[in-house]
Every structure is written in C-alpha cells, then in structure tokens.
$ cat entry39.pdb   # PDB, N, CA and C atoms
ATOM      1  N   MET A   1       0.849  -1.172   0.000
ATOM      2  CA  MET A   1       0.000   0.000   0.000
ATOM      3  C   MET A   1       0.897   1.239   0.000
ATOM      4  N   ALA A   2       0.737   2.095  -0.960
ATOM      5  CA  ALA A   2       1.562   3.296  -1.096
ATOM      6  C   ALA A   2       0.943   4.442  -0.302
ATOM      7  N   THR A   3       1.814   5.254   0.252
ATOM      8  CA  THR A   3       1.327   6.419   0.974
ATOM      9  C   THR A   3       1.093   7.559  -0.011
ATOM     10  N   PRO A   4       0.129   8.421   0.268
ATOM     11  CA  PRO A   4      -0.139   9.535  -0.650
ATOM     12  C   PRO A   4       1.021  10.539  -0.622
ATOM     13  N   PRO A   5       1.244  11.227  -1.735
ATOM     14  CA  PRO A   5       2.334  12.213  -1.759
ATOM     15  C   PRO A   5       2.047  13.372  -0.806
ATOM     16  N   LYS A   6       3.120  13.925  -0.259
ATOM     17  CA  LYS A   6       2.976  15.031   0.687
ATOM     18  C   LYS A   6       2.550  16.301  -0.043
ATOM     19  N   ALA A   7       1.646  17.036   0.566
ATOM     20  CA  ALA A   7       1.239  18.317   0.007
ATOM     21  C   ALA A   7       2.238  19.400   0.418
ATOM     22  N   PHE A   8       2.862  19.218   1.575
ATOM     23  CA  PHE A   8       3.821  20.199   2.092
ATOM     24  C   PHE A   8       4.980  19.454   2.724
ATOM     25  N   ASP A   9       6.178  19.766   2.307
ATOM     26  CA  ASP A   9       7.372  19.124   2.854
ATOM     27  C   ASP A   9       8.057  20.116   3.796
ATOM     28  N   ALA A  10       7.872  19.924   5.092
ATOM     29  CA  ALA A  10       8.399  20.849   6.088
ATOM     30  C   ALA A  10       9.922  20.884   6.095
ATOM     31  N   VAL A  11      10.557  19.752   5.866
ATOM     32  CA  VAL A  11      12.019  19.695   5.877
ATOM     33  C   VAL A  11      12.584  20.530   4.723
ATOM     34  N   ALA A  12      11.999  20.371   3.540
ATOM     35  CA  ALA A  12      12.463  21.142   2.378
ATOM     36  C   ALA A  12      12.201  22.631   2.565
ATOM     37  N   ALA A  13      11.058  22.979   3.134
ATOM     38  CA  ALA A  13      10.733  24.384   3.372
ATOM     39  C   ALA A  13      11.705  24.998   4.381
ATOM     40  N   SER A  14      12.042  24.251   5.432
ATOM     41  CA  SER A  14      12.981  24.732   6.432
ATOM     42  C   SER A  14      14.366  24.935   5.822
ATOM     43  N   ARG A  15      14.796  23.969   5.017
ATOM     44  CA  ARG A  15      16.100  24.077   4.357
ATOM     45  C   ARG A  15      16.147  25.297   3.438
ATOM     46  N   GLN A  16      15.081  25.511   2.682
ATOM     47  CA  GLN A  16      15.028  26.659   1.772
ATOM     48  C   GLN A  16      15.089  27.968   2.558
ATOM     49  N   TRP A  17      14.362  28.046   3.687
ATOM     50  CA  TRP A  17      14.376  29.259   4.506
ATOM     51  C   TRP A  17      15.783  29.520   5.058
ATOM     52  N   ARG A  18      16.443  28.455   5.563
ATOM     53  CA  ARG A  18      17.795  28.616   6.113
ATOM     54  C   ARG A  18      18.781  29.080   5.052
ATOM     55  N   GLU A  19      18.703  28.507   3.864
ATOM     56  CA  GLU A  19      19.624  28.888   2.792
ATOM     57  C   GLU A  19      19.385  30.328   2.344
ATOM     58  N   THR A  20      18.122  30.713   2.218
ATOM     59  CA  THR A  20      17.786  32.089   1.821
ATOM     60  C   THR A  20      18.260  33.081   2.876
ATOM     61  N   THR A  21      17.989  32.769   4.138
ATOM     62  CA  THR A  21      18.404  33.649   5.232
ATOM     63  C   THR A  21      19.918  33.761   5.288
ATOM     64  N   SER A  22      20.604  32.659   5.094
ATOM     65  CA  SER A  22      22.062  32.661   5.117
ATOM     66  C   SER A  22      22.626  33.541   4.006
ATOM     67  N   ARG A  23      22.058  33.435   2.803
ATOM     68  CA  ARG A  23      22.530  34.278   1.696
ATOM     69  C   ARG A  23      22.319  35.758   2.003
ATOM     70  N   LYS A  24      21.162  36.099   2.583
ATOM     71  CA  LYS A  24      20.876  37.507   2.914
ATOM     72  C   LYS A  24      21.867  38.021   3.968
ATOM     73  N   LEU A  25      22.121  37.213   4.992
ATOM     74  CA  LEU A  25      23.033  37.643   6.054
ATOM     75  C   LEU A  25      24.472  37.726   5.546
ATOM     76  N   ASP A  26      24.865  36.813   4.677
ATOM     77  CA  ASP A  26      26.221  36.842   4.125
ATOM     78  C   ASP A  26      26.450  38.082   3.277
ATOM     79  N   ALA A  27      25.390  38.596   2.662
ATOM     80  CA  ALA A  27      25.509  39.782   1.817
ATOM     81  C   ALA A  27      25.594  41.068   2.644
ATOM     82  N   MET A  28      25.246  40.988   3.929
ATOM     83  CA  MET A  28      25.255  42.169   4.795
ATOM     84  C   MET A  28      26.641  42.388   5.399
ATOM     85  N   SER A  29      26.937  43.653   5.678
ATOM     86  CA  SER A  29      28.158  43.960   6.405
ATOM     87  C   SER A  29      27.935  43.651   7.891
ATOM     88  N   ARG A  30      28.984  43.699   8.665
ATOM     89  CA  ARG A  30      28.862  43.423  10.107
ATOM     90  C   ARG A  30      27.906  44.391  10.770
ATOM     91  N   ALA A  31      28.005  45.679  10.435
ATOM     92  CA  ALA A  31      27.132  46.686  11.033
ATOM     93  C   ALA A  31      25.671  46.460  10.626
ATOM     94  N   GLU A  32      25.450  46.111   9.361
ATOM     95  CA  GLU A  32      24.084  45.833   8.904
ATOM     96  C   GLU A  32      23.502  44.615   9.615
ATOM     97  N   ARG A  33      24.341  43.595   9.796
ATOM     98  CA  ARG A  33      23.896  42.387  10.485
ATOM     99  C   ARG A  33      23.513  42.689  11.930
ATOM    100  N   LEU A  34      24.328  43.478  12.617
ATOM    101  CA  LEU A  34      24.028  43.831  14.008
ATOM    102  C   LEU A  34      22.736  44.640  14.094
ATOM    103  N   ALA A  35      22.547  45.562  13.157
ATOM    104  CA  ALA A  35      21.313  46.355  13.136
ATOM    105  C   ALA A  35      20.105  45.448  12.861
ATOM    106  N   HIS A  36      20.275  44.497  11.974
ATOM    107  CA  HIS A  36      19.208  43.556  11.647
ATOM    108  C   HIS A  36      18.812  42.744  12.890
ATOM    109  N   TYR A  37      19.813  42.204  13.599
ATOM    110  CA  TYR A  37      19.535  41.426  14.809
ATOM    111  C   TYR A  37      18.907  42.303  15.901
ATOM    112  N   ALA A  38      19.351  43.542  16.017
ATOM    113  CA  ALA A  38      18.763  44.451  17.008
ATOM    114  C   ALA A  38      17.286  44.702  16.696
ATOM    115  N   ARG A  39      16.979  44.862  15.414
ATOM    116  CA  ARG A  39      15.593  45.079  14.991
ATOM    117  C   ARG A  39      14.738  43.853  15.319
ATOM    118  N   LEU A  40      15.278  42.662  15.054
ATOM    119  CA  LEU A  40      14.543  41.434  15.359
ATOM    120  C   LEU A  40      14.299  41.292  16.864
ATOM    121  N   MET A  41      15.306  41.605  17.668
ATOM    122  CA  MET A  41      15.150  41.510  19.127
ATOM    123  C   MET A  41      14.101  42.498  19.624
ATOM    124  N   LYS A  42      14.097  43.692  19.042
ATOM    125  CA  LYS A  42      13.116  44.698  19.452
ATOM    126  C   LYS A  42      11.701  44.217  19.115
ATOM    127  N   GLN A  43      11.529  43.630  17.935
ATOM    128  CA  GLN A  43      10.222  43.100  17.543
ATOM    129  C   GLN A  43       9.810  41.954  18.460
ATOM    130  N   ALA A  44      10.740  41.074  18.769
ATOM    131  CA  ALA A  44      10.429  39.913  19.596
ATOM    132  C   ALA A  44      10.058  40.323  21.012
ATOM    133  N   THR A  45      10.787  41.261  21.588
ATOM    134  CA  THR A  45      10.485  41.676  22.957
ATOM    135  C   THR A  45       9.188  42.469  22.998
ATOM    136  N   GLY A  46       8.905  43.228  21.949
ATOM    137  CA  GLY A  46       7.638  43.964  21.887
ATOM    138  C   GLY A  46       6.459  43.015  21.777
ATOM    139  N   ALA A  47       6.588  41.979  20.970
ATOM    140  CA  ALA A  47       5.516  40.997  20.816
ATOM    141  C   ALA A  47       5.319  40.215  22.111
ATOM    142  N   ALA A  48       6.416  39.879  22.775
ATOM    143  CA  ALA A  48       6.308  39.135  24.031
ATOM    144  C   ALA A  48       5.637  39.990  25.102
ATOM    145  N   ALA A  49       5.973  41.277  25.146
ATOM    146  CA  ALA A  49       5.376  42.172  26.131
ATOM    147  C   ALA A  49       3.892  42.378  25.849
ATOM    148  N   ALA A  50       3.524  42.425  24.568
ATOM    149  CA  ALA A  50       2.120  42.614  24.207
ATOM    150  C   ALA A  50       1.289  41.387  24.565
ATOM    151  N   ASN A  51       1.888  40.200  24.514
ATOM    152  CA  ASN A  51       1.163  38.968  24.810
ATOM    153  C   ASN A  51       1.158  38.620  26.294
ATOM    154  N   ALA A  52       1.984  39.262  27.070
ATOM    155  CA  ALA A  52       2.064  38.946  28.499
ATOM    156  C   ALA A  52       0.862  39.530  29.230
ATOM    157  N   SER A  53       0.253  38.722  30.037
ATOM    158  CA  SER A  53      -0.874  39.210  30.816
ATOM    159  C   SER A  53      -0.385  39.631  32.197
ATOM    160  N   PRO A  54      -0.837  40.767  32.671
ATOM    161  CA  PRO A  54      -0.387  41.213  33.999
ATOM    162  C   PRO A  54      -0.954  40.288  35.082
ATOM    163  N   LYS A  55      -0.145  40.055  36.096
ATOM    164  CA  LYS A  55      -0.586  39.199  37.195
ATOM    165  C   LYS A  55      -1.425  40.034  38.156
ATOM    166  N   VAL A  56      -2.516  39.486  38.557
ATOM    167  CA  VAL A  56      -3.421  40.170  39.477
ATOM    168  C   VAL A  56      -3.190  39.600  40.869
ATOM    169  N   LEU A  57      -2.878  40.467  41.786
ATOM    170  CA  LEU A  57      -2.672  40.034  43.171
ATOM    171  C   LEU A  57      -4.003  40.123  43.918
ATOM    172  N   LYS A  58      -4.324  39.058  44.618
ATOM    173  CA  LYS A  58      -5.558  39.049  45.401
ATOM    174  C   LYS A  58      -5.213  39.184  46.880
ATOM    175  N   ALA A  59      -6.000  39.974  47.551
ATOM    176  CA  ALA A  59      -5.749  40.201  48.970
ATOM    177  C   ALA A  59      -6.317  39.102  49.803
TER     178      ALA A  59
END
$ encode --input "entry39.pdb" --output "structure tokens"
Amino acid sequence: MATPPKAFDAVAASRQWRETTSRKLDAMSRAERLAHYARLMKQATGAAAANASPKVLKA
C-alpha cells in the first residue's frame, strides 16, 4: 500500500528558509547584520510584552 504524496514538505521548506536567510546575512556587512539582529530583538520583545498578561494580586 503506497502512501499519498505530501502536500507540504516541512524539511524542504525549512532548508530553503535557512539557505535564503544565510545568503541575505552573508551579503550584509557586520554593522548591517548587528542592526538587523537588534531590529529582530526589538520586535520579539515587543511581541512578548504585548502577549504577556499582567498578574493580578488578590488580597
């Protein structure tokens, strides 16, 4: 019994993303790369802060 062909290959998609990202980063200078990572960290911390629910203290 043959298995049906995959509609989406996650391994291939991940490999393609890594290769594309690597080419983009390799084309950047050191300063551009640092600015890029700083921008990503700012986005990540902003998203994490927006999703965090404040803790309510009960007396």
$ select_by_dssp --input "entry39.pdb" --residues "chain A" --states "helix (DSSP H, G or I)" --output "VMD selection string"
chain A and resid 10 to 27 30 to 51
$ axis_aligned_box --input "entry39.pdb" --around "region 22-41 of chain A" --padding-each-side "3 Å" --output "JSON"
{"center_x": 21.5, "center_y": 39.7, "center_z": 10.7, "size_x": 20.9, "size_y": 20.0, "size_z": 23.9}
$ atom_distance --input "entry39.pdb" --atom1 "atom C of Lys42 (chain A)" --atom2 "atom C of Ser22 (chain A)"
21.5 Å
$ atom_distance --input "entry39.pdb" --atom1 "atom C of Leu40 (chain A)" --atom2 "atom N of Arg18 (chain A)"
17.2 Å
$ atom_distance --input "entry39.pdb" --atom1 "atom N of Gly46 (chain A)" --atom2 "atom C of Arg15 (chain A)"
26.8 Å
$ decode --input "entry39.pdb" --residues "region 6-55 of chain A" --atoms "N, CA and C atoms" --output "PDB file, in the first residue's frame"
ATOM      1  N   LYS A   6       3.120  13.925  -0.259  1.00  0.00           N
ATOM      2  CA  LYS A   6       2.976  15.031   0.687  1.00  0.00           C
ATOM      3  C   LYS A   6       2.550  16.301  -0.043  1.00  0.00           C
ATOM      4  N   ALA A   7       1.646  17.036   0.566  1.00  0.00           N
ATOM      5  CA  ALA A   7       1.239  18.317   0.007  1.00  0.00           C
ATOM      6  C   ALA A   7       2.238  19.400   0.418  1.00  0.00           C
ATOM      7  N   PHE A   8       2.862  19.218   1.575  1.00  0.00           N
ATOM      8  CA  PHE A   8       3.821  20.199   2.092  1.00  0.00           C
ATOM      9  C   PHE A   8       4.980  19.454   2.724  1.00  0.00           C
ATOM     10  N   ASP A   9       6.178  19.766   2.307  1.00  0.00           N
ATOM     11  CA  ASP A   9       7.372  19.124   2.854  1.00  0.00           C
ATOM     12  C   ASP A   9       8.057  20.116   3.796  1.00  0.00           C
ATOM     13  N   ALA A  10       7.872  19.924   5.092  1.00  0.00           N
ATOM     14  CA  ALA A  10       8.399  20.849   6.088  1.00  0.00           C
ATOM     15  C   ALA A  10       9.922  20.884   6.095  1.00  0.00           C
ATOM     16  N   VAL A  11      10.557  19.752   5.866  1.00  0.00           N
ATOM     17  CA  VAL A  11      12.019  19.695   5.877  1.00  0.00           C
ATOM     18  C   VAL A  11      12.584  20.530   4.723  1.00  0.00           C
ATOM     19  N   ALA A  12      11.999  20.371   3.540  1.00  0.00           N
ATOM     20  CA  ALA A  12      12.463  21.142   2.378  1.00  0.00           C
ATOM     21  C   ALA A  12      12.201  22.631   2.565  1.00  0.00           C
ATOM     22  N   ALA A  13      11.058  22.979   3.134  1.00  0.00           N
ATOM     23  CA  ALA A  13      10.733  24.384   3.372  1.00  0.00           C
ATOM     24  C   ALA A  13      11.705  24.998   4.381  1.00  0.00           C
ATOM     25  N   SER A  14      12.042  24.251   5.432  1.00  0.00           N
ATOM     26  CA  SER A  14      12.981  24.732   6.432  1.00  0.00           C
ATOM     27  C   SER A  14      14.366  24.935   5.822  1.00  0.00           C
ATOM     28  N   ARG A  15      14.796  23.969   5.017  1.00  0.00           N
ATOM     29  CA  ARG A  15      16.100  24.077   4.357  1.00  0.00           C
ATOM     30  C   ARG A  15      16.147  25.297   3.438  1.00  0.00           C
ATOM     31  N   GLN A  16      15.081  25.511   2.682  1.00  0.00           N
ATOM     32  CA  GLN A  16      15.028  26.659   1.772  1.00  0.00           C
ATOM     33  C   GLN A  16      15.089  27.968   2.558  1.00  0.00           C
ATOM     34  N   TRP A  17      14.362  28.046   3.687  1.00  0.00           N
ATOM     35  CA  TRP A  17      14.376  29.259   4.506  1.00  0.00           C
ATOM     36  C   TRP A  17      15.783  29.520   5.058  1.00  0.00           C
ATOM     37  N   ARG A  18      16.443  28.455   5.563  1.00  0.00           N
ATOM     38  CA  ARG A  18      17.795  28.616   6.113  1.00  0.00           C
ATOM     39  C   ARG A  18      18.781  29.080   5.052  1.00  0.00           C
ATOM     40  N   GLU A  19      18.703  28.507   3.864  1.00  0.00           N
ATOM     41  CA  GLU A  19      19.624  28.888   2.792  1.00  0.00           C
ATOM     42  C   GLU A  19      19.385  30.328   2.344  1.00  0.00           C
ATOM     43  N   THR A  20      18.122  30.713   2.218  1.00  0.00           N
ATOM     44  CA  THR A  20      17.786  32.089   1.821  1.00  0.00           C
ATOM     45  C   THR A  20      18.260  33.081   2.876  1.00  0.00           C
ATOM     46  N   THR A  21      17.989  32.769   4.138  1.00  0.00           N
ATOM     47  CA  THR A  21      18.404  33.649   5.232  1.00  0.00           C
ATOM     48  C   THR A  21      19.918  33.761   5.288  1.00  0.00           C
ATOM     49  N   SER A  22      20.604  32.659   5.094  1.00  0.00           N
ATOM     50  CA  SER A  22      22.062  32.661   5.117  1.00  0.00           C
ATOM     51  C   SER A  22      22.626  33.541   4.006  1.00  0.00           C
ATOM     52  N   ARG A  23      22.058  33.435   2.803  1.00  0.00           N
ATOM     53  CA  ARG A  23      22.530  34.278   1.696  1.00  0.00           C
ATOM     54  C   ARG A  23      22.319  35.758   2.003  1.00  0.00           C
ATOM     55  N   LYS A  24      21.162  36.099   2.583  1.00  0.00           N
ATOM     56  CA  LYS A  24      20.876  37.507   2.914  1.00  0.00           C
ATOM     57  C   LYS A  24      21.867  38.021   3.968  1.00  0.00           C
ATOM     58  N   LEU A  25      22.121  37.213   4.992  1.00  0.00           N
ATOM     59  CA  LEU A  25      23.033  37.643   6.054  1.00  0.00           C
ATOM     60  C   LEU A  25      24.472  37.726   5.546  1.00  0.00           C
ATOM     61  N   ASP A  26      24.865  36.813   4.677  1.00  0.00           N
ATOM     62  CA  ASP A  26      26.221  36.842   4.125  1.00  0.00           C
ATOM     63  C   ASP A  26      26.450  38.082   3.277  1.00  0.00           C
ATOM     64  N   ALA A  27      25.390  38.596   2.662  1.00  0.00           N
ATOM     65  CA  ALA A  27      25.509  39.782   1.817  1.00  0.00           C
ATOM     66  C   ALA A  27      25.594  41.068   2.644  1.00  0.00           C
ATOM     67  N   MET A  28      25.246  40.988   3.929  1.00  0.00           N
ATOM     68  CA  MET A  28      25.255  42.169   4.795  1.00  0.00           C
ATOM     69  C   MET A  28      26.641  42.388   5.399  1.00  0.00           C
ATOM     70  N   SER A  29      26.937  43.653   5.678  1.00  0.00           N
ATOM     71  CA  SER A  29      28.158  43.960   6.405  1.00  0.00           C
ATOM     72  C   SER A  29      27.935  43.651   7.891  1.00  0.00           C
ATOM     73  N   ARG A  30      28.984  43.699   8.665  1.00  0.00           N
ATOM     74  CA  ARG A  30      28.862  43.423  10.107  1.00  0.00           C
ATOM     75  C   ARG A  30      27.906  44.391  10.770  1.00  0.00           C
ATOM     76  N   ALA A  31      28.005  45.679  10.435  1.00  0.00           N
ATOM     77  CA  ALA A  31      27.132  46.686  11.033  1.00  0.00           C
ATOM     78  C   ALA A  31      25.671  46.460  10.626  1.00  0.00           C
ATOM     79  N   GLU A  32      25.450  46.111   9.361  1.00  0.00           N
ATOM     80  CA  GLU A  32      24.084  45.833   8.904  1.00  0.00           C
ATOM     81  C   GLU A  32      23.502  44.615   9.615  1.00  0.00           C
ATOM     82  N   ARG A  33      24.341  43.595   9.796  1.00  0.00           N
ATOM     83  CA  ARG A  33      23.896  42.387  10.485  1.00  0.00           C
ATOM     84  C   ARG A  33      23.513  42.689  11.930  1.00  0.00           C
ATOM     85  N   LEU A  34      24.328  43.478  12.617  1.00  0.00           N
ATOM     86  CA  LEU A  34      24.028  43.831  14.008  1.00  0.00           C
ATOM     87  C   LEU A  34      22.736  44.640  14.094  1.00  0.00           C
ATOM     88  N   ALA A  35      22.547  45.562  13.157  1.00  0.00           N
ATOM     89  CA  ALA A  35      21.313  46.355  13.136  1.00  0.00           C
ATOM     90  C   ALA A  35      20.105  45.448  12.861  1.00  0.00           C
ATOM     91  N   HIS A  36      20.275  44.497  11.974  1.00  0.00           N
ATOM     92  CA  HIS A  36      19.208  43.556  11.647  1.00  0.00           C
ATOM     93  C   HIS A  36      18.812  42.744  12.890  1.00  0.00           C
ATOM     94  N   TYR A  37      19.813  42.204  13.599  1.00  0.00           N
ATOM     95  CA  TYR A  37      19.535  41.426  14.809  1.00  0.00           C
ATOM     96  C   TYR A  37      18.907  42.303  15.901  1.00  0.00           C
ATOM     97  N   ALA A  38      19.351  43.542  16.017  1.00  0.00           N
ATOM     98  CA  ALA A  38      18.763  44.451  17.008  1.00  0.00           C
ATOM     99  C   ALA A  38      17.286  44.702  16.696  1.00  0.00           C
ATOM    100  N   ARG A  39      16.979  44.862  15.414  1.00  0.00           N
ATOM    101  CA  ARG A  39      15.593  45.079  14.991  1.00  0.00           C
ATOM    102  C   ARG A  39      14.738  43.853  15.319  1.00  0.00           C
ATOM    103  N   LEU A  40      15.278  42.662  15.054  1.00  0.00           N
ATOM    104  CA  LEU A  40      14.543  41.434  15.359  1.00  0.00           C
ATOM    105  C   LEU A  40      14.299  41.292  16.864  1.00  0.00           C
ATOM    106  N   MET A  41      15.306  41.605  17.668  1.00  0.00           N
ATOM    107  CA  MET A  41      15.150  41.510  19.127  1.00  0.00           C
ATOM    108  C   MET A  41      14.101  42.498  19.624  1.00  0.00           C
ATOM    109  N   LYS A  42      14.097  43.692  19.042  1.00  0.00           N
ATOM    110  CA  LYS A  42      13.116  44.698  19.452  1.00  0.00           C
ATOM    111  C   LYS A  42      11.701  44.217  19.115  1.00  0.00           C
ATOM    112  N   GLN A  43      11.529  43.630  17.935  1.00  0.00           N
ATOM    113  CA  GLN A  43      10.222  43.100  17.543  1.00  0.00           C
ATOM    114  C   GLN A  43       9.810  41.954  18.460  1.00  0.00           C
ATOM    115  N   ALA A  44      10.740  41.074  18.769  1.00  0.00           N
ATOM    116  CA  ALA A  44      10.429  39.913  19.596  1.00  0.00           C
ATOM    117  C   ALA A  44      10.058  40.323  21.012  1.00  0.00           C
ATOM    118  N   THR A  45      10.787  41.261  21.588  1.00  0.00           N
ATOM    119  CA  THR A  45      10.485  41.676  22.957  1.00  0.00           C
ATOM    120  C   THR A  45       9.188  42.469  22.998  1.00  0.00           C
ATOM    121  N   GLY A  46       8.905  43.228  21.949  1.00  0.00           N
ATOM    122  CA  GLY A  46       7.638  43.964  21.887  1.00  0.00           C
ATOM    123  C   GLY A  46       6.459  43.015  21.777  1.00  0.00           C
ATOM    124  N   ALA A  47       6.588  41.979  20.970  1.00  0.00           N
ATOM    125  CA  ALA A  47       5.516  40.997  20.816  1.00  0.00           C
ATOM    126  C   ALA A  47       5.319  40.215  22.111  1.00  0.00           C
ATOM    127  N   ALA A  48       6.416  39.879  22.775  1.00  0.00           N
ATOM    128  CA  ALA A  48       6.308  39.135  24.031  1.00  0.00           C
ATOM    129  C   ALA A  48       5.637  39.990  25.102  1.00  0.00           C
ATOM    130  N   ALA A  49       5.973  41.277  25.146  1.00  0.00           N
ATOM    131  CA  ALA A  49       5.376  42.172  26.131  1.00  0.00           C
ATOM    132  C   ALA A  49       3.892  42.378  25.849  1.00  0.00           C
ATOM    133  N   ALA A  50       3.524  42.425  24.568  1.00  0.00           N
ATOM    134  CA  ALA A  50       2.120  42.614  24.207  1.00  0.00           C
ATOM    135  C   ALA A  50       1.289  41.387  24.565  1.00  0.00           C
ATOM    136  N   ASN A  51       1.888  40.200  24.514  1.00  0.00           N
ATOM    137  CA  ASN A  51       1.163  38.968  24.810  1.00  0.00           C
ATOM    138  C   ASN A  51       1.158  38.620  26.294  1.00  0.00           C
ATOM    139  N   ALA A  52       1.984  39.262  27.070  1.00  0.00           N
ATOM    140  CA  ALA A  52       2.064  38.946  28.499  1.00  0.00           C
ATOM    141  C   ALA A  52       0.862  39.530  29.230  1.00  0.00           C
ATOM    142  N   SER A  53       0.253  38.722  30.037  1.00  0.00           N
ATOM    143  CA  SER A  53      -0.874  39.210  30.816  1.00  0.00           C
ATOM    144  C   SER A  53      -0.385  39.631  32.197  1.00  0.00           C
ATOM    145  N   PRO A  54      -0.837  40.767  32.671  1.00  0.00           N
ATOM    146  CA  PRO A  54      -0.387  41.213  33.999  1.00  0.00           C
ATOM    147  C   PRO A  54      -0.954  40.288  35.082  1.00  0.00           C
ATOM    148  N   LYS A  55      -0.145  40.055  36.096  1.00  0.00           N
ATOM    149  CA  LYS A  55      -0.586  39.199  37.195  1.00  0.00           C
ATOM    150  C   LYS A  55      -1.425  40.034  38.156  1.00  0.00           C
TER     151      LYS A  55
END
